[in-house]
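Before any comments, here is the structure.
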Amino acid sequence: MNYERILAIGDMHGNFSRLLSVFHKIHFNPEKDLLVLLGDYIDRGSENMRCMRWAMEMSEKENVIALRGNHEQMMLDYYSLKGAYREIWLPNGGSATKRELEAWMEKDSHALEKVLDFIRQRPLYYRIAINGSEFIFCHAGLKPGIPVEEQSEETLLWIRNECYEYYTGTAKLIVGHTPTEYLLPNRTTPIFLKNNIILLDTGSFFPEGRISCVDVLSRTVWQSDDNIY
Ligand SMILES: [Mn+2]
């Protein structure tokens with residue numbers, strides 16, 4: 001399919017008002033656009049389950065891809081009682097998400113199951129070639145020199161600087177995971193690196209942070225504004 005726009009939205013982390021702000025700005029048209037959500041719907045915000053449930057609903061729609069982030073992985077590990085990161089979910093923002101989930105579970109006894117199924121079904125990356133250009137979307141990044149289908153789950157969800165510094169792929173790589181202001185002080189807009197990487201986590205949980213969306217075909221950027229919703 002020839003999409004008019006290929007949109008990606010970065011880390012949300014439970015900031016539903018910022019999510020709505022940017023989402024309304026892009027006027028997503030599922031008949032013409034593709035929308036990729038880069039993961040990290042939950043943790044560190046005040047409306048974590050609202051963002052998660054929004055992603056769950058969106059993932060049912062045509063032309064929406066909702067990827068898994070490391071925070072969803074930590075949550076899955078926590079409830080599955082296995083995996084390397086099960087013990088660090090609660091101190092990394094999971095406590096608030098857990099309380100919100102428990103409130104939902106009081107009204108819906110299948111809530112936990114629905115959330116865990118949703119997380120399990122999330123792909124770790126999405127690749128598309130269009131008009132001779134290749135795009136790879138994933139939450140964190142890729143280990144340089146290794147094909148995407150051979151990347152480990154650990155890498156796709158957690159890698160940072162090794163990817164940003166040494167990636168030399170021809171595919172354009174669109175990632176969240178590291179707030180841009182960790183790389184450049186006070187930076188709250190996406191960063192387009194020279195080596196084909198777009199960094200889209202603009203710190204949604206910081207006081208001055210934003211949630212950002214980019215159309216990878218035109219490189220147009222939309223960002224949330226505060227105090228609208
Ligand atoms: Mn994140």
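Following the order of the structure tokens, first chain is A, next is B, and so on, with residues numbered from 1 inside each chain and ligands from 1 in the order they appear.
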
>> At a cut-off of 9 Å, using only C-alpha atoms, what residues contact Arg127 (chain A)? Leave out same-chain residues fewer than 5 positions from it and give the result as a list in words.
In response: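 Listed by chain and then number, they are Glu134, Phe135, Ile136, Phe137, Cys138 and Val148 of chain A.
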
>> If we count only C-alpha atoms and set the cut-off at 9 Å, which residues sit around Asn2 (chain A), ignoring sequence neighbours fewer than 2 positions away in its own chain? Please answer as a VMD selection string.
In response: chain A and resid 4 to 5 32 to 33 130 to 131

What parts of region 37-229 of chain A does DSSP call strand (DSSP E or B)? I'd like the answer as a short mmCIF file (atom, residue, chain, number, x, y, z; two decimals) with C-alpha atoms, in the first residue's frame.
data_model
loop_
_atom_site.label_atom_id
_atom_site.label_comp_id
_atom_site.auth_asym_id
_atom_site.auth_seq_id
_atom_site.Cartn_x
_atom_site.Cartn_y
_atom_site.Cartn_z
CA LEU A 37 3.32 3.52 18.31
CA VAL A 64 -2.02 0.90 13.41
CA ILE A 65 1.02 -0.94 14.76
CA ALA A 66 1.56 -0.80 18.51
CA TYR A 125 9.89 -4.13 15.68
CA TYR A 126 8.16 -3.18 12.43
CA ARG A 127 9.84 -2.88 9.06
CA ILE A 128 8.46 -1.36 5.89
CA ALA A 129 9.93 -0.54 2.48
CA ILE A 130 8.26 2.19 0.50
CA SER A 133 13.40 3.44 1.19
CA GLU A 134 13.39 1.12 4.15
CA PHE A 135 12.18 2.08 7.62
CA ILE A 136 12.60 0.13 10.84
CA PHE A 137 10.64 1.05 13.94
CA CYS A 138 11.44 -0.33 17.38
CA LYS A 172 15.96 4.66 8.57
CA LEU A 173 15.61 3.73 12.21
CA ILE A 174 12.86 5.32 14.31
CA VAL A 175 13.12 4.82 18.07
CA ILE A 191 16.57 14.46 17.11
CA PHE A 192 17.41 13.47 13.52
CA ILE A 197 18.21 7.53 13.27
CA ILE A 198 15.20 9.51 14.46
CA LEU A 199 14.91 9.80 18.24
CA SER A 212 6.03 13.78 19.65
CA CYS A 213 4.96 12.39 16.32
CA VAL A 214 6.90 12.36 13.06
CA ASP A 215 5.88 11.52 9.51
CA THR A 220 7.13 16.69 9.52
CA VAL A 221 6.95 16.83 13.32
CA TRP A 222 3.94 17.40 15.59
CA GLN A 223 4.20 17.82 19.35
#

> Can I get the residues close to ligand 1 as a PyMOL selection string, where close means within 12 Å and we count only C-alpha atoms and all ligand atoms?
Replying inline: chain A and resi 9-15+38-45+68-74+92-93+138-140+157-160+175-180+182+199-206+211

>> What's around region 193-195 of chain A at 10 Å? Count only C-alpha atoms, leave out sequence neighbours fewer than 3 positions away in its own chain, and write the answer as an MDAnalysis selection string.
In response: chainID A and resid 163:173 190 198:199

Writing out the chosen residues with N, CA and C atoms as an mmCIF file, in the first residue's frame:
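Contents of out.cif, as written:
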data_model
loop_
_atom_site.group_PDB
_atom_site.id
_atom_site.type_symbol
_atom_site.label_atom_id
_atom_site.label_comp_id
_atom_site.auth_asym_id
_atom_site.auth_seq_id
_atom_site.Cartn_x
_atom_site.Cartn_y
_atom_site.Cartn_z
ATOM 1 N N CYS A 163 23.872 2.008 19.793
ATOM 2 C CA CYS A 163 23.089 2.163 18.568
ATOM 3 C C CYS A 163 23.255 3.575 18.007
ATOM 4 N N TYR A 164 23.068 4.580 18.847
ATOM 5 C CA TYR A 164 23.107 5.967 18.343
ATOM 6 C C TYR A 164 24.464 6.301 17.727
ATOM 7 N N GLU A 165 25.540 5.760 18.343
ATOM 8 C CA GLU A 165 26.885 6.137 17.894
ATOM 9 C C GLU A 165 27.365 5.311 16.704
ATOM 10 N N TYR A 166 26.984 4.042 16.657
ATOM 11 C CA TYR A 166 27.629 3.162 15.677
ATOM 12 C C TYR A 166 26.702 2.599 14.612
ATOM 13 N N TYR A 167 25.431 2.929 14.642
ATOM 14 C CA TYR A 167 24.525 2.412 13.604
ATOM 15 C C TYR A 167 24.931 2.973 12.243
ATOM 16 N N THR A 168 25.057 2.094 11.254
ATOM 17 C CA THR A 168 25.445 2.569 9.919
ATOM 18 C C THR A 168 24.503 2.021 8.848
ATOM 19 N N GLY A 169 23.341 1.539 9.282
ATOM 20 C CA GLY A 169 22.417 0.921 8.329
ATOM 21 C C GLY A 169 21.840 1.927 7.344
ATOM 22 N N THR A 170 21.391 1.395 6.199
ATOM 23 C CA THR A 170 20.746 2.266 5.225
ATOM 24 C C THR A 170 19.261 2.445 5.545
ATOM 25 N N ALA A 171 18.696 1.502 6.310
ATOM 26 C CA ALA A 171 17.296 1.663 6.721
ATOM 27 C C ALA A 171 17.206 2.799 7.733
ATOM 28 N N LYS A 172 16.170 3.611 7.577
ATOM 29 C CA LYS A 172 15.960 4.660 8.568
ATOM 30 C C LYS A 172 15.376 4.017 9.822
ATOM 31 N N LEU A 173 15.957 4.377 10.951
ATOM 32 C CA LEU A 173 15.606 3.727 12.205
ATOM 33 C C LEU A 173 14.873 4.740 13.090
ATOM 34 N N PRO A 190 12.245 16.130 18.604
ATOM 35 C CA PRO A 190 12.941 14.931 18.131
ATOM 36 C C PRO A 190 14.329 15.262 17.581
ATOM 37 N N ILE A 198 16.078 8.463 13.922
ATOM 38 C CA ILE A 198 15.201 9.512 14.456
ATOM 39 C C ILE A 198 14.859 9.139 15.885
ATOM 40 N N LEU A 199 15.178 10.028 16.823
ATOM 41 C CA LEU A 199 14.907 9.803 18.243
ATOM 42 C C LEU A 199 13.649 10.572 18.620
#

>> When DSSP is applied to the backbone of this structure, which of region 8-214 of chain A are assigned alpha helix (DSSP H)? Write them out as a PyMOL selection string.
In response: chain A and resi 16-26+48-59+70-80+94-107+111-121+153-158+161-166+180-183

>> as a ChimeraX atom specification, please: the residues near Asp226 (chain A) (cut-off 8 Å, only C-alpha atoms, same-chain neighbours under 6 positions excluded).
In response: /A:17-18,21

Produce a file of the selected residues containing C-alpha atoms, as a PDB file, in the first residue's frame.
ATOM      1  CA  SER A  17      -3.477  14.765  28.018  1.00  0.00           C
ATOM      2  CA  ARG A  18      -0.233  15.163  26.081  1.00  0.00           C
ATOM      3  CA  SER A  21      -2.944  16.820  22.303  1.00  0.00           C
TER       4      SER A  21
END

> Which neighbours of Lys98 (chain A) fall inside 12 Å, counting only C-alpha atoms, when residues of the same chain fewer than 3 positions from it are skipped, and could you give them as number ranges by chain?
Replying inline: A: 42-44, 46-49, 72, 74-76, 78-79, 89-95, 101-105, 111-112, 115

Any chance you can output those residues with N, CA and C atoms as a PDB file, in the first residue's frame?
ATOM      1  N   ILE A  42       3.005   3.138  29.460  1.00  0.00           N
ATOM      2  CA  ILE A  42       2.756   3.218  30.916  1.00  0.00           C
ATOM      3  C   ILE A  42       3.980   3.711  31.689  1.00  0.00           C
ATOM      4  N   ASP A  43       3.736   3.924  33.000  1.00  0.00           N
ATOM      5  CA  ASP A  43       4.761   4.209  34.017  1.00  0.00           C
ATOM      6  C   ASP A  43       5.260   5.657  33.952  1.00  0.00           C
ATOM      7  N   ARG A  44       5.372   6.240  35.133  1.00  0.00           N
ATOM      8  CA  ARG A  44       5.907   7.586  35.361  1.00  0.00           C
ATOM      9  C   ARG A  44       4.880   8.704  35.183  1.00  0.00           C
ATOM     10  N   SER A  46       0.461   9.974  35.378  1.00  0.00           N
ATOM     11  CA  SER A  46      -0.672   9.867  36.299  1.00  0.00           C
ATOM     12  C   SER A  46      -1.865   9.152  35.664  1.00  0.00           C
ATOM     13  N   GLU A  47      -1.798   8.852  34.368  1.00  0.00           N
ATOM     14  CA  GLU A  47      -2.901   8.159  33.698  1.00  0.00           C
ATOM     15  C   GLU A  47      -2.346   7.020  32.838  1.00  0.00           C
ATOM     16  N   ASN A  48      -1.650   6.136  33.549  1.00  0.00           N
ATOM     17  CA  ASN A  48      -0.933   5.064  32.847  1.00  0.00           C
ATOM     18  C   ASN A  48      -1.864   4.085  32.152  1.00  0.00           C
ATOM     19  N   MET A  49      -2.887   3.641  32.894  1.00  0.00           N
ATOM     20  CA  MET A  49      -3.783   2.664  32.277  1.00  0.00           C
ATOM     21  C   MET A  49      -4.637   3.296  31.183  1.00  0.00           C
ATOM     22  N   GLU A  72       6.485  -2.044  29.152  1.00  0.00           N
ATOM     23  CA  GLU A  72       5.499  -3.119  29.027  1.00  0.00           C
ATOM     24  C   GLU A  72       6.162  -4.471  29.320  1.00  0.00           C
ATOM     25  N   MET A  74       8.716  -5.029  31.320  1.00  0.00           N
ATOM     26  CA  MET A  74       8.922  -5.152  32.773  1.00  0.00           C
ATOM     27  C   MET A  74       7.624  -5.548  33.464  1.00  0.00           C
ATOM     28  N   MET A  75       6.516  -4.966  33.003  1.00  0.00           N
ATOM     29  CA  MET A  75       5.214  -5.283  33.596  1.00  0.00           C
ATOM     30  C   MET A  75       4.867  -6.752  33.345  1.00  0.00           C
ATOM     31  N   LEU A  76       5.103  -7.202  32.119  1.00  0.00           N
ATOM     32  CA  LEU A  76       4.827  -8.600  31.771  1.00  0.00           C
ATOM     33  C   LEU A  76       5.697  -9.539  32.617  1.00  0.00           C
ATOM     34  N   TYR A  78       6.968  -8.926  35.517  1.00  0.00           N
ATOM     35  CA  TYR A  78       6.507  -8.855  36.907  1.00  0.00           C
ATOM     36  C   TYR A  78       5.337  -9.809  37.144  1.00  0.00           C
ATOM     37  N   TYR A  79       4.354  -9.762  36.274  1.00  0.00           N
ATOM     38  CA  TYR A  79       3.167 -10.600  36.479  1.00  0.00           C
ATOM     39  C   TYR A  79       3.394 -12.049  36.067  1.00  0.00           C
ATOM     40  N   TRP A  89      10.345  -3.376  37.877  1.00  0.00           N
ATOM     41  CA  TRP A  89       9.173  -2.667  37.349  1.00  0.00           C
ATOM     42  C   TRP A  89       8.584  -1.686  38.376  1.00  0.00           C
ATOM     43  N   LEU A  90       8.309  -2.180  39.596  1.00  0.00           N
ATOM     44  CA  LEU A  90       7.645  -1.314  40.587  1.00  0.00           C
ATOM     45  C   LEU A  90       8.448  -0.040  40.870  1.00  0.00           C
ATOM     46  N   PRO A  91       9.771  -0.140  41.132  1.00  0.00           N
ATOM     47  CA  PRO A  91      10.516   1.106  41.380  1.00  0.00           C
ATOM     48  C   PRO A  91      10.692   1.992  40.142  1.00  0.00           C
ATOM     49  N   ASN A  92      10.411   1.476  38.973  1.00  0.00           N
ATOM     50  CA  ASN A  92      10.546   2.294  37.756  1.00  0.00           C
ATOM     51  C   ASN A  92       9.211   2.797  37.231  1.00  0.00           C
ATOM     52  N   GLY A  93       8.347   3.113  38.126  1.00  0.00           N
ATOM     53  CA  GLY A  93       7.056   3.684  37.718  1.00  0.00           C
ATOM     54  C   GLY A  93       5.921   2.690  37.737  1.00  0.00           C
ATOM     55  N   GLY A  94       6.249   1.408  37.959  1.00  0.00           N
ATOM     56  CA  GLY A  94       5.219   0.383  37.929  1.00  0.00           C
ATOM     57  C   GLY A  94       4.224   0.459  39.082  1.00  0.00           C
ATOM     58  N   SER A  95       4.648   0.998  40.219  1.00  0.00           N
ATOM     59  CA  SER A  95       3.740   1.039  41.381  1.00  0.00           C
ATOM     60  C   SER A  95       2.445   1.767  41.065  1.00  0.00           C
ATOM     61  N   LEU A 101      -4.209  -0.348  37.558  1.00  0.00           N
ATOM     62  CA  LEU A 101      -4.689  -1.626  37.017  1.00  0.00           C
ATOM     63  C   LEU A 101      -5.613  -2.309  38.032  1.00  0.00           C
ATOM     64  N   GLU A 102      -5.225  -2.257  39.299  1.00  0.00           N
ATOM     65  CA  GLU A 102      -6.043  -2.907  40.330  1.00  0.00           C
ATOM     66  C   GLU A 102      -7.420  -2.257  40.449  1.00  0.00           C
ATOM     67  N   ALA A 103      -7.470  -0.956  40.245  1.00  0.00           N
ATOM     68  CA  ALA A 103      -8.771  -0.271  40.266  1.00  0.00           C
ATOM     69  C   ALA A 103      -9.641  -0.766  39.106  1.00  0.00           C
ATOM     70  N   TRP A 104      -9.016  -0.991  37.960  1.00  0.00           N
ATOM     71  CA  TRP A 104      -9.746  -1.508  36.797  1.00  0.00           C
ATOM     72  C   TRP A 104     -10.189  -2.959  37.051  1.00  0.00           C
ATOM     73  N   MET A 105      -9.312  -3.721  37.693  1.00  0.00           N
ATOM     74  CA  MET A 105      -9.621  -5.133  37.979  1.00  0.00           C
ATOM     75  C   MET A 105     -10.837  -5.280  38.892  1.00  0.00           C
ATOM     76  N   ALA A 111      -9.358  -7.872  33.495  1.00  0.00           N
ATOM     77  CA  ALA A 111      -8.493  -6.747  33.122  1.00  0.00           C
ATOM     78  C   ALA A 111      -7.021  -7.152  33.002  1.00  0.00           C
ATOM     79  N   LEU A 112      -6.523  -7.854  34.019  1.00  0.00           N
ATOM     80  CA  LEU A 112      -5.103  -8.224  34.001  1.00  0.00           C
ATOM     81  C   LEU A 112      -4.780  -9.097  32.787  1.00  0.00           C
ATOM     82  N   VAL A 115      -4.621  -7.080  29.614  1.00  0.00           N
ATOM     83  CA  VAL A 115      -3.392  -6.288  29.511  1.00  0.00           C
ATOM     84  C   VAL A 115      -2.202  -7.183  29.153  1.00  0.00           C
TER      85      VAL A 115
END

>> Between A:Asp117, A:Ser80, A:Ala8, A:Phe23, which residue has the minimum interatomic distance to Ser224 (chain A), considering only C-alpha atoms?
In response: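 Smallest separation from Ser224 (chain A) among the options: A:Phe23.
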
> By how many Å are CA of His27 (chain A) and CA of Leu184 (chain A) apart?
Replying inline: 29.6 Å

> At what distance in Å, to one decimal, does CA of Leu35 (chain A) lie from CA of Glu162 (chain A)?
Replying inline: 26.9 Å

>> Here is a test: counting only C-alpha atoms, which residue of A:Gly83, A:Gly209, A:Pro123, A:Pro185 is nearest to Leu156 (chain A)?
In response: A:Pro123

> From the list A:Asp77, A:Glu87, A:Glu31, A:Glu100, which residue is nearest Leu116 (chain A) when using only C-alpha atoms?
Replying inline: A:Asp77

> How many Å separate CA of Leu124 (chain A) from CA of Pro207 (chain A)?
Replying inline: 28.8 Å

>> I need the residue nearest Val22 (chain A) from this list: A:Arg50, A:Glu106, A:Asp225, A:Ile6. Use only C-alpha atoms for the distance.
In response: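 Of the candidates, the smallest distance to Val22 (chain A) is held by A:Asp225.
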